[in-house]
$ cat query_30.txt   # compact mmCIF, C-alpha atoms
# COMPACT_ATOMS: atom_id res chain seq x y z
CA MET A 662 32.32 -42.33 -13.98
CA ALA A 663 29.68 -42.51 -11.26
CA GLY A 664 32.32 -41.44 -8.75
CA PHE A 665 32.48 -37.97 -10.31
CA PHE A 666 29.01 -37.28 -8.87
CA VAL A 667 29.65 -38.40 -5.28
CA PHE A 668 33.37 -38.30 -4.44
CA ARG A 669 34.06 -35.38 -2.15
CA TYR A 670 37.56 -34.63 -3.37
CA GLY A 671 39.20 -34.93 -6.76
CA GLU A 672 42.08 -37.02 -5.43
CA LEU A 673 39.58 -39.80 -4.68
CA GLN A 674 38.65 -39.95 -8.36
CA ILE A 675 42.25 -40.59 -9.37
CA ALA A 676 42.72 -43.19 -6.60
CA TRP A 677 39.46 -44.93 -7.56
CA LEU A 678 40.43 -45.08 -11.24
CA ALA A 679 43.87 -46.40 -10.33
CA VAL A 680 42.46 -49.16 -8.11
CA LEU A 681 39.70 -50.26 -10.49
CA GLY A 682 41.52 -49.71 -13.77
CA VAL A 683 45.24 -49.12 -13.78
CA VAL A 684 46.31 -51.79 -11.29
CA PRO A 685 44.25 -54.62 -12.89
CA LEU A 686 45.48 -53.59 -16.33
CA LEU A 687 49.12 -53.68 -15.27
CA VAL A 688 48.74 -57.00 -13.43
CA SER A 689 46.45 -59.04 -15.69
CA TYR A 690 46.29 -57.42 -19.11
CA ARG A 691 49.70 -55.81 -19.61
CA LYS A 692 50.32 -57.71 -22.86
CA ARG A 693 46.89 -56.94 -24.28
CA VAL A 694 46.91 -53.27 -23.33
CA GLY A 695 49.75 -52.46 -25.70
CA HIS A 696 47.95 -54.21 -28.55
CA ILE A 697 44.70 -52.42 -27.71
CA LEU A 698 46.26 -48.98 -27.77
CA VAL A 699 48.18 -49.60 -30.99
CA SER A 700 45.40 -51.38 -32.91
CA GLN A 701 42.86 -48.57 -32.43
CA PRO A 702 43.53 -45.28 -34.23
CA LEU A 703 41.97 -42.97 -31.64
CA PRO A 704 43.96 -43.96 -28.52
CA ALA A 705 47.12 -44.06 -30.63
CA VAL A 706 46.54 -40.45 -31.71
CA VAL A 707 45.66 -39.32 -28.17
CA LEU A 708 48.65 -40.94 -26.48
CA GLY A 709 51.03 -40.08 -29.31
CA GLY A 710 49.95 -36.45 -29.14
CA ALA A 711 50.30 -36.44 -25.35
CA VAL A 712 53.89 -37.64 -25.65
CA VAL A 713 54.65 -34.96 -28.25
CA MET A 714 53.13 -32.25 -26.04
CA LEU A 715 55.20 -33.49 -23.11
CA VAL A 716 58.42 -33.29 -25.16
CA THR A 717 57.66 -29.84 -26.58
CA SER A 718 56.86 -28.58 -23.07
CA ILE A 719 60.29 -29.68 -21.88
CA LEU A 720 61.91 -27.95 -24.86
CA MET A 721 60.29 -24.60 -24.11
CA LEU A 722 63.39 -22.94 -22.64
CA ASP A 723 61.91 -19.49 -22.02
CA ASP A 724 59.45 -20.80 -19.43
CA PRO A 725 60.51 -22.09 -15.98
CA LEU A 726 61.46 -25.76 -15.99
CA PRO A 727 59.03 -28.05 -14.12
CA ASP A 728 59.87 -29.48 -10.75
CA ARG A 729 60.13 -33.21 -10.06
CA TRP A 730 56.48 -33.57 -9.02
CA GLN A 731 55.20 -31.97 -12.23
CA VAL A 732 57.23 -34.39 -14.35
CA MET A 733 55.97 -37.37 -12.33
CA ALA A 734 52.39 -36.13 -12.64
CA ALA A 735 52.78 -35.77 -16.42
CA LEU A 736 54.10 -39.34 -16.71
CA ALA A 737 51.29 -40.64 -14.49
CA ASN A 738 48.84 -38.78 -16.69
CA LEU A 739 49.98 -40.87 -19.67
CA VAL A 740 49.18 -44.04 -17.70
CA LEU A 741 45.73 -42.73 -16.78
CA LEU A 742 45.04 -41.73 -20.39
CA ALA A 743 45.96 -45.24 -21.51
CA ALA A 744 43.63 -46.67 -18.86
CA PHE A 745 40.74 -44.49 -20.07
CA PHE A 746 40.97 -46.17 -23.48
CA ALA A 747 41.93 -49.69 -22.41
CA ILE A 748 39.25 -50.24 -19.76
CA PRO A 749 36.19 -49.77 -22.06
CA THR A 750 37.83 -51.94 -24.73
CA LEU A 751 38.28 -54.86 -22.34
CA ALA A 752 34.81 -54.35 -20.86
CA ILE A 753 33.13 -54.30 -24.27
CA ALA A 754 35.09 -57.34 -25.47
CA ARG A 755 34.09 -59.37 -22.41
CA ARG A 756 30.50 -58.15 -22.15
CA LYS A 757 29.74 -58.19 -25.88
CA PHE A 758 28.28 -54.68 -25.97
CA ARG A 759 26.25 -55.19 -22.80
CA LEU A 760 27.01 -51.75 -21.43
CA SER A 761 23.53 -51.17 -20.04
CA ARG A 762 24.42 -52.18 -16.50
CA MET A 763 27.38 -49.82 -16.34
CA LEU A 764 25.49 -46.94 -17.93
CA LYS A 765 22.50 -47.44 -15.64
CA THR A 766 24.80 -47.27 -12.63
CA VAL A 767 26.12 -43.87 -13.75
CA VAL A 768 22.63 -42.48 -14.35
CA VAL A 769 21.16 -43.81 -11.09
CA VAL A 770 24.04 -42.42 -9.01
CA ALA A 771 23.85 -39.08 -10.82
CA ALA A 772 20.08 -38.80 -10.35
CA ALA A 773 20.32 -39.74 -6.66
CA ALA A 774 23.06 -37.13 -6.12
CA THR A 775 20.93 -34.53 -7.90
CA LEU A 776 17.83 -35.27 -5.82
CA VAL A 777 19.78 -35.18 -2.56
CA SER A 778 21.41 -31.92 -3.60
CA PHE A 779 18.03 -30.33 -4.43
CA ILE A 780 16.68 -31.31 -1.00
CA VAL A 781 19.75 -30.12 0.91
CA HIS A 782 20.46 -26.96 -1.09
CA TYR A 783 16.96 -25.55 -1.42
CA GLY A 784 15.31 -27.36 1.50
CA ILE A 785 17.66 -27.74 4.45
CA ARG A 786 19.98 -24.83 3.59
CA GLN A 787 17.05 -22.75 2.24
CA ALA A 788 19.01 -21.31 -0.66
CA VAL A 789 17.15 -18.69 -2.71
CA PHE A 790 16.87 -19.33 -6.45
CA PRO A 791 18.06 -17.88 -8.82
CA ILE A 792 20.31 -15.81 -6.54
CA GLU A 793 21.93 -18.99 -5.22
CA ARG A 794 22.38 -21.37 -8.14
CA PHE A 795 21.98 -25.12 -7.80
CA LYS A 796 25.10 -27.17 -7.04
CA ASN A 797 26.02 -30.71 -6.11
CA VAL A 798 26.38 -30.61 -2.33
CA LEU A 799 28.14 -33.99 -2.13
CA VAL A 800 31.34 -32.69 -3.72
CA TYR A 801 33.73 -30.46 -1.74
CA SER A 802 32.88 -28.93 1.61
CA ASP A 803 30.85 -26.09 0.10
CA GLY A 804 29.49 -27.98 -2.92
CA LEU A 805 30.56 -28.31 -6.53
CA ASN A 806 30.76 -25.23 -8.74
CA PRO A 807 27.35 -24.61 -10.44
CA VAL A 808 28.92 -24.76 -13.91
CA LEU A 809 30.47 -28.17 -13.29
CA THR A 810 27.28 -29.30 -11.60
CA GLY A 811 25.25 -28.34 -14.66
CA LEU A 812 27.67 -30.00 -17.08
CA SER A 813 27.79 -33.25 -15.11
CA CYS A 814 23.98 -33.34 -14.79
CA GLY A 815 23.63 -32.67 -18.52
CA PHE A 816 26.02 -35.50 -19.35
CA ALA A 817 23.97 -37.93 -17.27
CA GLY A 818 20.72 -36.50 -18.66
CA VAL A 819 21.73 -37.18 -22.27
CA LEU A 820 22.89 -40.64 -21.21
CA SER A 821 19.50 -41.23 -19.58
CA LEU A 822 17.78 -40.32 -22.85
CA GLY A 823 19.92 -42.95 -24.54
CA LEU A 824 18.75 -45.56 -22.02
CA ALA A 825 15.14 -44.51 -22.56
CA ARG A 826 15.52 -44.80 -26.31
CA ARG A 827 16.91 -48.32 -26.12
CA ALA A 828 14.43 -49.50 -23.44
CA GLU A 829 12.57 -52.65 -24.48
CA THR A 830 9.49 -52.03 -22.32
CA SER A 831 7.25 -49.01 -21.85
CA ALA A 832 7.92 -49.08 -18.09
CA GLY A 833 11.66 -48.94 -18.69
CA PHE A 834 11.23 -46.09 -21.13
CA TRP A 835 9.28 -43.95 -18.65
CA VAL A 836 11.69 -44.69 -15.79
CA TRP A 837 14.67 -43.38 -17.74
CA TRP A 838 12.58 -40.59 -19.25
CA GLY A 839 11.69 -39.39 -15.74
CA THR A 840 15.31 -39.66 -14.66
CA SER A 841 16.34 -37.42 -17.54
CA VAL A 842 13.82 -34.79 -16.34
CA ILE A 843 15.45 -34.75 -12.88
CA LEU A 844 18.93 -34.45 -14.32
CA MET A 845 17.98 -31.72 -16.79
CA ALA A 846 16.37 -29.81 -13.94
CA GLY A 847 19.82 -29.88 -12.35
CA VAL A 848 21.23 -28.40 -15.56
CA PHE A 849 18.84 -25.44 -15.71
CA TYR A 850 18.74 -24.66 -12.00
CA SER A 851 22.53 -24.51 -12.00
CA ALA A 852 21.96 -21.57 -14.40
CA SER A 853 25.00 -22.58 -16.45
CA ARG A 854 24.49 -21.39 -20.00
CA SER A 855 27.22 -23.70 -21.29
CA ALA A 856 25.45 -26.68 -19.75
CA MET A 857 22.08 -25.58 -21.14
CA ILE A 858 23.36 -25.19 -24.70
CA ALA A 859 25.32 -28.44 -24.50
CA THR A 860 22.25 -30.30 -23.22
CA ALA A 861 20.25 -28.91 -26.12
CA ALA A 862 22.97 -30.12 -28.54
CA GLY A 863 23.08 -33.61 -27.05
CA THR A 864 19.29 -33.85 -26.98
CA LEU A 865 19.10 -32.71 -30.60
CA VAL A 866 21.42 -35.53 -31.65
CA MET A 867 19.30 -38.06 -29.74
CA VAL A 868 16.10 -36.72 -31.31
CA LEU A 869 17.37 -36.59 -34.90
CA THR A 870 18.86 -40.08 -34.76
CA GLY A 871 15.94 -41.65 -32.90
CA PRO A 872 12.88 -43.41 -34.30
CA LYS A 873 10.24 -41.02 -35.59
CA TYR A 874 7.53 -42.16 -33.19
CA LYS A 875 9.78 -41.41 -30.17
CA ARG A 876 11.30 -38.12 -31.25
CA TRP A 877 8.82 -35.80 -29.56
CA LEU A 878 9.05 -37.89 -26.38
CA LEU A 879 12.85 -37.64 -26.37
CA ALA A 880 12.64 -33.87 -26.78
CA ALA A 881 9.94 -33.49 -24.11
CA PRO A 882 12.22 -33.48 -20.98
CA LEU A 883 14.27 -30.58 -22.32
CA VAL A 884 11.18 -28.65 -23.41
CA LEU A 885 9.41 -29.25 -20.09
CA VAL A 886 12.34 -28.17 -17.91
CA THR A 887 13.00 -25.14 -20.14
CA MET A 888 9.43 -23.99 -19.67
CA LEU A 889 9.50 -24.49 -15.89
CA TYR A 890 12.79 -22.65 -15.58
CA GLY A 891 12.07 -19.86 -18.05
CA THR A 892 8.68 -18.98 -16.61
CA GLY A 893 9.98 -19.00 -13.05
CA LEU A 894 6.93 -20.97 -11.90
CA VAL A 895 8.91 -23.45 -9.79
CA GLY A 896 11.13 -22.17 -7.00
CA ALA A 897 12.07 -18.77 -8.41
CA SER A 898 11.99 -15.84 -5.99
CA THR A 899 12.16 -13.21 -8.72
CA GLY A 900 8.79 -13.88 -10.31
CA PRO A 901 7.94 -14.77 -13.93
CA LEU A 902 10.88 -14.72 -16.35
CA GLY A 903 13.19 -13.79 -13.47
CA PRO A 904 15.72 -16.58 -14.17
CA VAL A 905 15.92 -15.59 -17.85
CA VAL A 906 16.55 -11.96 -16.93
CA ASP A 907 19.33 -13.12 -14.60
CA LEU A 908 20.99 -15.04 -17.45
CA VAL A 909 20.96 -11.97 -19.68
CA LYS A 910 22.33 -9.63 -17.00
CA ARG A 911 25.38 -11.83 -16.45
CA GLY A 912 26.69 -10.99 -19.92
CA ASP A 913 29.84 -12.85 -20.95
CA SER A 914 30.97 -13.25 -17.31
CA GLY A 915 34.42 -11.92 -18.15
CA ARG A 916 35.24 -14.55 -20.75
CA MET A 917 36.08 -12.12 -23.54
CA ALA A 918 38.64 -10.45 -21.29
CA ILE A 919 40.21 -13.86 -20.62
CA TYR A 920 40.39 -14.77 -24.29
CA SER A 921 41.83 -11.36 -25.13
CA ALA A 922 44.53 -11.74 -22.46
CA ILE A 923 45.45 -15.18 -23.81
CA SER A 924 45.72 -13.88 -27.37
CA LYS A 925 48.06 -11.09 -26.23
CA ARG A 926 50.38 -13.71 -24.72
CA MET A 927 50.50 -15.67 -27.99
CA VAL A 928 52.73 -13.27 -29.92
CA GLU A 929 56.15 -14.90 -30.30
CA PRO A 930 56.40 -17.59 -33.03
CA ALA A 931 57.48 -20.26 -30.53
CA HIS A 932 54.37 -19.63 -28.43
CA VAL A 933 52.08 -19.54 -31.46
CA PHE A 934 53.28 -22.91 -32.75
CA LEU A 935 54.18 -24.72 -29.50
CA GLY A 936 52.38 -22.80 -26.76
CA HIS A 937 53.67 -22.00 -23.29
CA GLY A 938 54.06 -25.62 -22.18
CA LEU A 939 51.97 -27.97 -20.05
CA TRP A 940 53.41 -26.73 -16.75
CA THR A 941 52.66 -23.06 -17.28
CA PRO A 942 49.97 -21.91 -14.81
CA GLU A 943 46.70 -21.31 -16.58
CA SER A 944 45.63 -18.60 -14.18
CA LEU A 945 46.29 -15.07 -15.40
CA PRO A 946 46.81 -11.90 -13.36
CA PRO A 947 43.51 -10.15 -12.54
CA GLU A 948 44.79 -6.89 -14.00
CA GLU A 949 45.12 -8.68 -17.37
CA ALA A 950 42.02 -10.83 -17.52
CA GLY A 951 39.70 -9.92 -14.66
CA SER A 952 38.70 -11.74 -11.48
CA LEU A 953 37.58 -14.98 -13.18
CA ALA A 954 40.90 -15.69 -14.91
CA PHE A 955 41.85 -18.66 -12.72
CA HIS A 956 41.65 -20.81 -15.87
CA ALA A 957 40.99 -20.33 -19.58
CA HIS A 958 37.24 -21.14 -19.49
CA SER A 959 37.46 -23.05 -22.77
CA MET A 960 39.12 -26.34 -23.65
CA TYR A 961 39.98 -24.89 -27.06
CA ALA A 962 41.58 -21.72 -25.66
CA SER A 963 43.35 -23.72 -22.96
CA THR A 964 44.81 -26.19 -25.46
CA PHE A 965 46.01 -23.35 -27.68
CA TYR A 966 47.56 -21.53 -24.71
CA HIS A 967 49.49 -24.57 -23.46
CA SER A 968 50.42 -26.26 -26.75
CA GLY A 969 49.92 -23.70 -29.54
CA LEU A 970 48.81 -24.51 -33.05
CA LEU A 971 50.40 -27.95 -32.79
CA GLY A 972 48.14 -28.81 -29.86
CA ALA A 973 45.11 -27.23 -31.51
CA VAL A 974 45.59 -29.43 -34.58
CA TRP A 975 45.99 -32.43 -32.28
CA LEU A 976 42.77 -31.57 -30.42
CA PHE A 977 40.70 -31.15 -33.58
CA ALA A 978 42.18 -34.35 -35.05
CA VAL A 979 41.13 -36.27 -31.93
CA LEU A 980 37.64 -34.75 -31.91
CA GLY A 981 37.18 -35.35 -35.64
CA LEU A 982 38.31 -38.95 -35.34
CA GLY A 983 36.09 -39.37 -32.30
CA LEU A 984 33.07 -38.08 -34.20
CA GLU A 985 33.84 -40.52 -37.02
CA ARG A 986 34.06 -43.40 -34.52
CA ALA A 987 30.81 -42.39 -32.79
CA TRP A 988 29.08 -41.98 -36.15
CA SER A 989 30.29 -45.46 -37.14
CA VAL A 990 28.80 -46.93 -33.96
CA TRP A 991 25.45 -45.30 -34.67
CA TRP A 992 25.49 -46.31 -38.34
CA ARG A 993 26.32 -49.96 -37.62
CA SER A 994 24.39 -50.58 -34.38
CA GLY A 995 21.84 -47.75 -34.07
CA ASP A 996 23.38 -46.62 -30.75
CA ALA A 997 23.66 -42.83 -30.99
CA VAL A 998 24.27 -42.07 -27.32
CA TRP A 999 28.04 -41.73 -27.83
CA LEU A 1000 27.53 -39.32 -30.69
CA GLY A 1001 25.18 -37.31 -28.45
CA LEU A 1002 27.62 -37.32 -25.51
CA LEU A 1003 30.51 -36.23 -27.70
CA ALA A 1004 28.43 -33.41 -29.16
CA PHE A 1005 27.48 -32.43 -25.60
CA GLY A 1006 31.12 -32.29 -24.50
CA MET A 1007 32.38 -30.39 -27.54
CA VAL A 1008 29.69 -27.71 -27.12
CA GLY A 1009 29.76 -27.62 -23.32
CA LEU A 1010 33.51 -27.02 -23.14
CA LEU A 1011 33.44 -24.28 -25.77
CA CYS A 1012 33.24 -21.59 -23.06
CA ASP A 1013 34.13 -23.63 -19.98
CA GLY A 1014 36.64 -26.22 -18.86
CA THR A 1015 40.32 -26.66 -19.55
CA MET A 1016 42.68 -28.85 -21.60
CA PRO A 1017 40.83 -32.18 -21.86
CA PHE A 1018 43.73 -34.64 -21.88
CA ARG A 1019 45.17 -33.93 -18.43
CA VAL A 1020 43.56 -36.25 -15.90
CA MET A 1021 46.11 -35.42 -13.18
CA THR A 1022 44.90 -31.83 -12.84
CA ILE A 1023 42.13 -32.95 -10.45
CA THR A 1024 39.59 -31.77 -12.96
CA ARG A 1025 35.96 -32.49 -12.38
CA ILE A 1026 34.46 -32.66 -15.83
CA GLU A 1027 36.84 -32.95 -18.81
CA PRO A 1028 37.53 -36.71 -18.45
CA VAL A 1029 33.78 -37.33 -18.26
CA LEU A 1030 32.65 -35.14 -21.14
CA ILE A 1031 35.46 -35.88 -23.60
CA LEU A 1032 37.59 -38.91 -22.70
CA PHE A 1033 34.74 -41.25 -21.73
CA PRO A 1034 32.69 -40.98 -24.96
CA LEU A 1035 35.91 -40.99 -27.00
CA ALA A 1036 37.15 -44.18 -25.34
CA VAL A 1037 33.88 -46.11 -25.51
CA SER A 1038 33.00 -45.09 -29.08
CA SER A 1039 36.53 -46.02 -30.20
CA ALA A 1040 36.29 -49.46 -28.60
CA MET A 1041 32.77 -50.12 -29.88
CA ALA A 1042 33.55 -49.01 -33.45
CA THR A 1043 36.66 -51.20 -33.60
CA THR A 1044 34.82 -54.23 -32.24
CA LEU A 1045 31.85 -53.70 -34.56
CA GLU A 1046 34.14 -53.50 -37.59
CA ARG A 1047 36.01 -56.63 -36.50
CA ASN A 1048 32.74 -58.52 -36.01
CA ARG A 1049 31.52 -57.38 -39.43
CA ARG A 1050 34.67 -58.68 -41.10
CA ARG A 1051 34.32 -62.00 -39.30
CA GLU A 1052 30.69 -62.31 -40.37
CA GLU A 1053 31.56 -61.55 -43.98
CA TYR A 1054 34.33 -64.15 -43.82
CA ARG A 1055 31.94 -66.76 -42.41
CA GLN A 1056 29.41 -66.04 -45.11
CA THR A 1057 31.99 -66.50 -47.85
CA MET A 1058 33.49 -69.66 -46.33
CA PRO A 1059 30.66 -72.11 -47.34
CA MET A 1060 30.80 -70.85 -50.92
CA ALA A 1061 34.56 -71.32 -51.07
CA VAL A 1062 34.40 -74.82 -49.57
CA SER A 1063 31.57 -75.74 -51.91
CA SER A 1064 33.50 -74.62 -54.97
CA LEU A 1065 36.53 -76.63 -53.87
CA VAL A 1066 34.41 -79.73 -53.39
CA ASP A 1067 32.76 -79.28 -56.79
CA GLU A 1068 36.13 -78.97 -58.48
CA ALA A 1069 38.15 -81.61 -56.62
CA VAL A 1070 35.74 -84.34 -55.55
CA PRO A 1071 33.65 -85.32 -58.62
CA VAL A 1072 36.26 -87.43 -60.41
CA PRO A 1073 37.03 -89.87 -57.55
CA VAL A 1074 33.35 -90.18 -56.73
CA ARG A 1075 32.46 -91.06 -60.29
CA VAL A 1076 35.27 -93.60 -60.40
CA ARG A 1077 33.97 -95.38 -57.31
CA LEU A 1078 30.43 -95.38 -58.64
CA ASP A 1079 31.61 -96.83 -61.95
CA GLN A 1080 33.57 -99.56 -60.19
CA LYS A 1081 30.54 -100.53 -58.10
CA GLY A 1082 28.19 -100.29 -61.05
$ encode --input "query_30.txt" --output "structure tokens"
Amino acid sequence: MAGFFVFRYGELQIAWLAVLGVVPLLVSYRKRVGHILVSQPLPAVVLGGAVVMLVTSILMLDDPLPDRWQVMAALANLVLLAAFFAIPTLAIARRKFRLSRMLKTVVVVAAAATLVSFIVHYGIRQAVFPIERFKNVLVYSDGLNPVLTGLSCGFAGVLSLGLARRAETSAGFWVWWGTSVILMAGVFYSASRSAMIATAAGTLVMVLTGPKYKRWLLAAPLVLVTMLYGTGLVGASTGPLGPVVDLVKRGDSGRMAIYSAISKRMVEPAHVFLGHGLWTPESLPPEEAGSLAFHAHSMYASTFYHSGLLGAVWLFAVLGLGLERAWSVWWRSGDAVWLGLLAFGMVGLLCDGTMPFRVMTITRIEPVLILFPLAVSSAMATTLERNRRREEYRQTMPMAVSSLVDEAVPVPVRVRLDQKG
């Protein structure tokens, strides 16, 4: 996950995941992986739905058939999806819920990338804010898109709040609290409204589920950065309230035209129920949907476009089951960070992003915002439930053994005592 903040090209993400995850799984854990994916409801639904979508896409005869590379990429995508759910399960089982080291790595790398990007973008390159929005300069030759930069920073910012909330010392709390301020600054200076709203949603979950004495402290980073950004006191060239005015002037950024063009293409019954297929290009002609129609700008609209109502039902079933798993983790262990991250992803991809279950599309954000919290919360909930059943069994075992002894042993014991007496 940390690689999403520093890898220059998307192909490196897939190669890195394959080396660290897929190859070890196939070599060392191939027998356990099948059991993992079948025993947990969430990965079974995700992978089962992915197979169904693949089959229905092949059966869509009115669209051009895919070439050999597209079929191979779709099959490889199934392997990567399986890895996304198997890796956290094995890690949690071996580390016994000690995820702190892995999560801290993600946050530290994200914060370091954000700081470097601030220095390079606004210092060395002398970009003018808010005309030139903040972006991660480590990704791609000209930097990562501001929207994806804001979403990735918001993801790490909510995660940092989770580390602050679980910190055992005051020093640890303030370290992760300060890190969340840096990351949320990346969110607001990217001027991505989707990222801002999603960060507010994730922070709200962390605040409402946190201890009462820490709630105002957990909300403080978001409030502080909102004030600095909204007033234009730090770095803005347009004066007070200039960044807010810029947000309002941008309107819907052409999204309504995109959604309208998609709806006009969903007329025939086959398209309404099954979509246009996974291989159909998501980009629409500019004369239909404007200049920004290179993708659907919504994971919900994208899923409906490619897989119809069948895919939409699949998506909402996965998200609903994921929320139930994340809620179960919070209810049983008090760890609400996965519930917060899932809320962040569901809100953040409402008006941005694409179909969330296609890792092979060289996407920058969907696997992070959706697949990662789904996979970890699924693994943690399953393990917590298994541990609870074991504990209940252990607690009932002494009573059962005691009752057997009381019923079976007294007669022989009395006989021996009588013989000795």
$ residues_near_point --input "query_30.txt" --point "(37.3, -36.2, -1.1)" --cutoff "12 Å" --atoms "all atoms listed in the file" --output "PyMOL selection string"
chain A and resi 664-677+799-802+804-805+1023+1025
$ residues_around --input "query_30.txt" --residues "stretch 730-747 of chain A" --least-positions-apart "6" --cutoff "10 Å" --atoms "all atoms listed in the file" --output "JSON, numbers by chain"
{"A": [675, 678, 679, 681, 682, 683, 684, 685, 686, 687, 690, 693, 694, 695, 696, 697, 698, 701, 703, 704, 705, 707, 708, 709, 711, 712, 715, 719, 939, 940, 1018, 1019, 1020, 1021, 1022, 1028, 1032, 1033, 1034, 1035, 1036, 1037, 1038, 1039, 1040]}
$ residues_around --input "query_30.txt" --residues "A:Phe977" --least-positions-apart "2" --cutoff "12 Å" --atoms "all atoms listed in the file" --output "VMD selection string"
chain A and resid 706 to 707 710 960 to 961 964 to 965 970 to 975 979 to 984 1007 1017
$ closest_atom_pairs --input "query_30.txt" --of "stretch 956-1075 of chain A" --to "stretch 908-913 of chain A" --cutoff "12 Å" --atoms "all atoms listed in the file" --output "Markdown table"
| residue | atom | partner | partner_atom | distance |
| --- | --- | --- | --- | --- |
| A:His958 | CA | A:Asp913 | CA | 11.2 |
| A:Cys1012 | CA | A:Asp913 | CA | 9.6 |
| A:Asp1013 | CA | A:Asp913 | CA | 11.6 |
$ atom_distance --input "query_30.txt" --atom1 "atom CA of A:Gly1014" --atom2 "atom CA of A:Val798"
19.9 Å
$ build_atoms --input "query_30.txt" --residues "stretch 1033-1045 of chain A" --atoms "N, CA, C and O atoms" --output "compact mmCIF listing (two decimals), in the frame of the given file"
# COMPACT_ATOMS: atom_id res chain seq x y z
N PHE A 1033 35.62 -40.09 -21.85
CA PHE A 1033 34.74 -41.25 -21.73
C PHE A 1033 34.02 -41.57 -23.04
O PHE A 1033 34.10 -42.72 -23.51
N PRO A 1034 33.31 -40.63 -23.67
CA PRO A 1034 32.69 -40.98 -24.96
C PRO A 1034 33.70 -41.30 -26.05
O PRO A 1034 33.45 -42.15 -26.90
N LEU A 1035 34.88 -40.65 -26.03
CA LEU A 1035 35.91 -40.99 -27.00
C LEU A 1035 36.37 -42.44 -26.84
O LEU A 1035 36.48 -43.19 -27.81
N ALA A 1036 36.62 -42.84 -25.60
CA ALA A 1036 37.15 -44.18 -25.34
C ALA A 1036 36.13 -45.25 -25.70
O ALA A 1036 36.45 -46.25 -26.36
N VAL A 1037 34.89 -45.07 -25.27
CA VAL A 1037 33.88 -46.11 -25.51
C VAL A 1037 33.52 -46.20 -26.99
O VAL A 1037 33.40 -47.30 -27.55
N SER A 1038 33.34 -45.06 -27.66
CA SER A 1038 33.00 -45.09 -29.08
C SER A 1038 34.14 -45.69 -29.89
O SER A 1038 33.91 -46.42 -30.86
N SER A 1039 35.39 -45.42 -29.51
CA SER A 1039 36.53 -46.02 -30.20
C SER A 1039 36.51 -47.53 -30.06
O SER A 1039 36.68 -48.27 -31.04
N ALA A 1040 36.30 -48.02 -28.83
CA ALA A 1040 36.29 -49.46 -28.60
C ALA A 1040 35.12 -50.13 -29.31
O ALA A 1040 35.28 -51.19 -29.93
N MET A 1041 33.94 -49.52 -29.25
CA MET A 1041 32.77 -50.12 -29.88
C MET A 1041 32.90 -50.14 -31.40
O MET A 1041 32.56 -51.14 -32.05
N ALA A 1042 33.39 -49.06 -31.99
CA ALA A 1042 33.55 -49.01 -33.45
C ALA A 1042 34.54 -50.06 -33.92
O ALA A 1042 34.29 -50.76 -34.92
N THR A 1043 35.66 -50.20 -33.22
CA THR A 1043 36.66 -51.20 -33.60
C THR A 1043 36.10 -52.61 -33.50
O THR A 1043 36.31 -53.44 -34.40
N THR A 1044 35.39 -52.89 -32.42
CA THR A 1044 34.82 -54.23 -32.24
C THR A 1044 33.72 -54.51 -33.26
O THR A 1044 33.62 -55.62 -33.78
N LEU A 1045 32.89 -53.52 -33.55
CA LEU A 1045 31.85 -53.70 -34.56
C LEU A 1045 32.45 -53.99 -35.93
O LEU A 1045 31.97 -54.86 -36.68
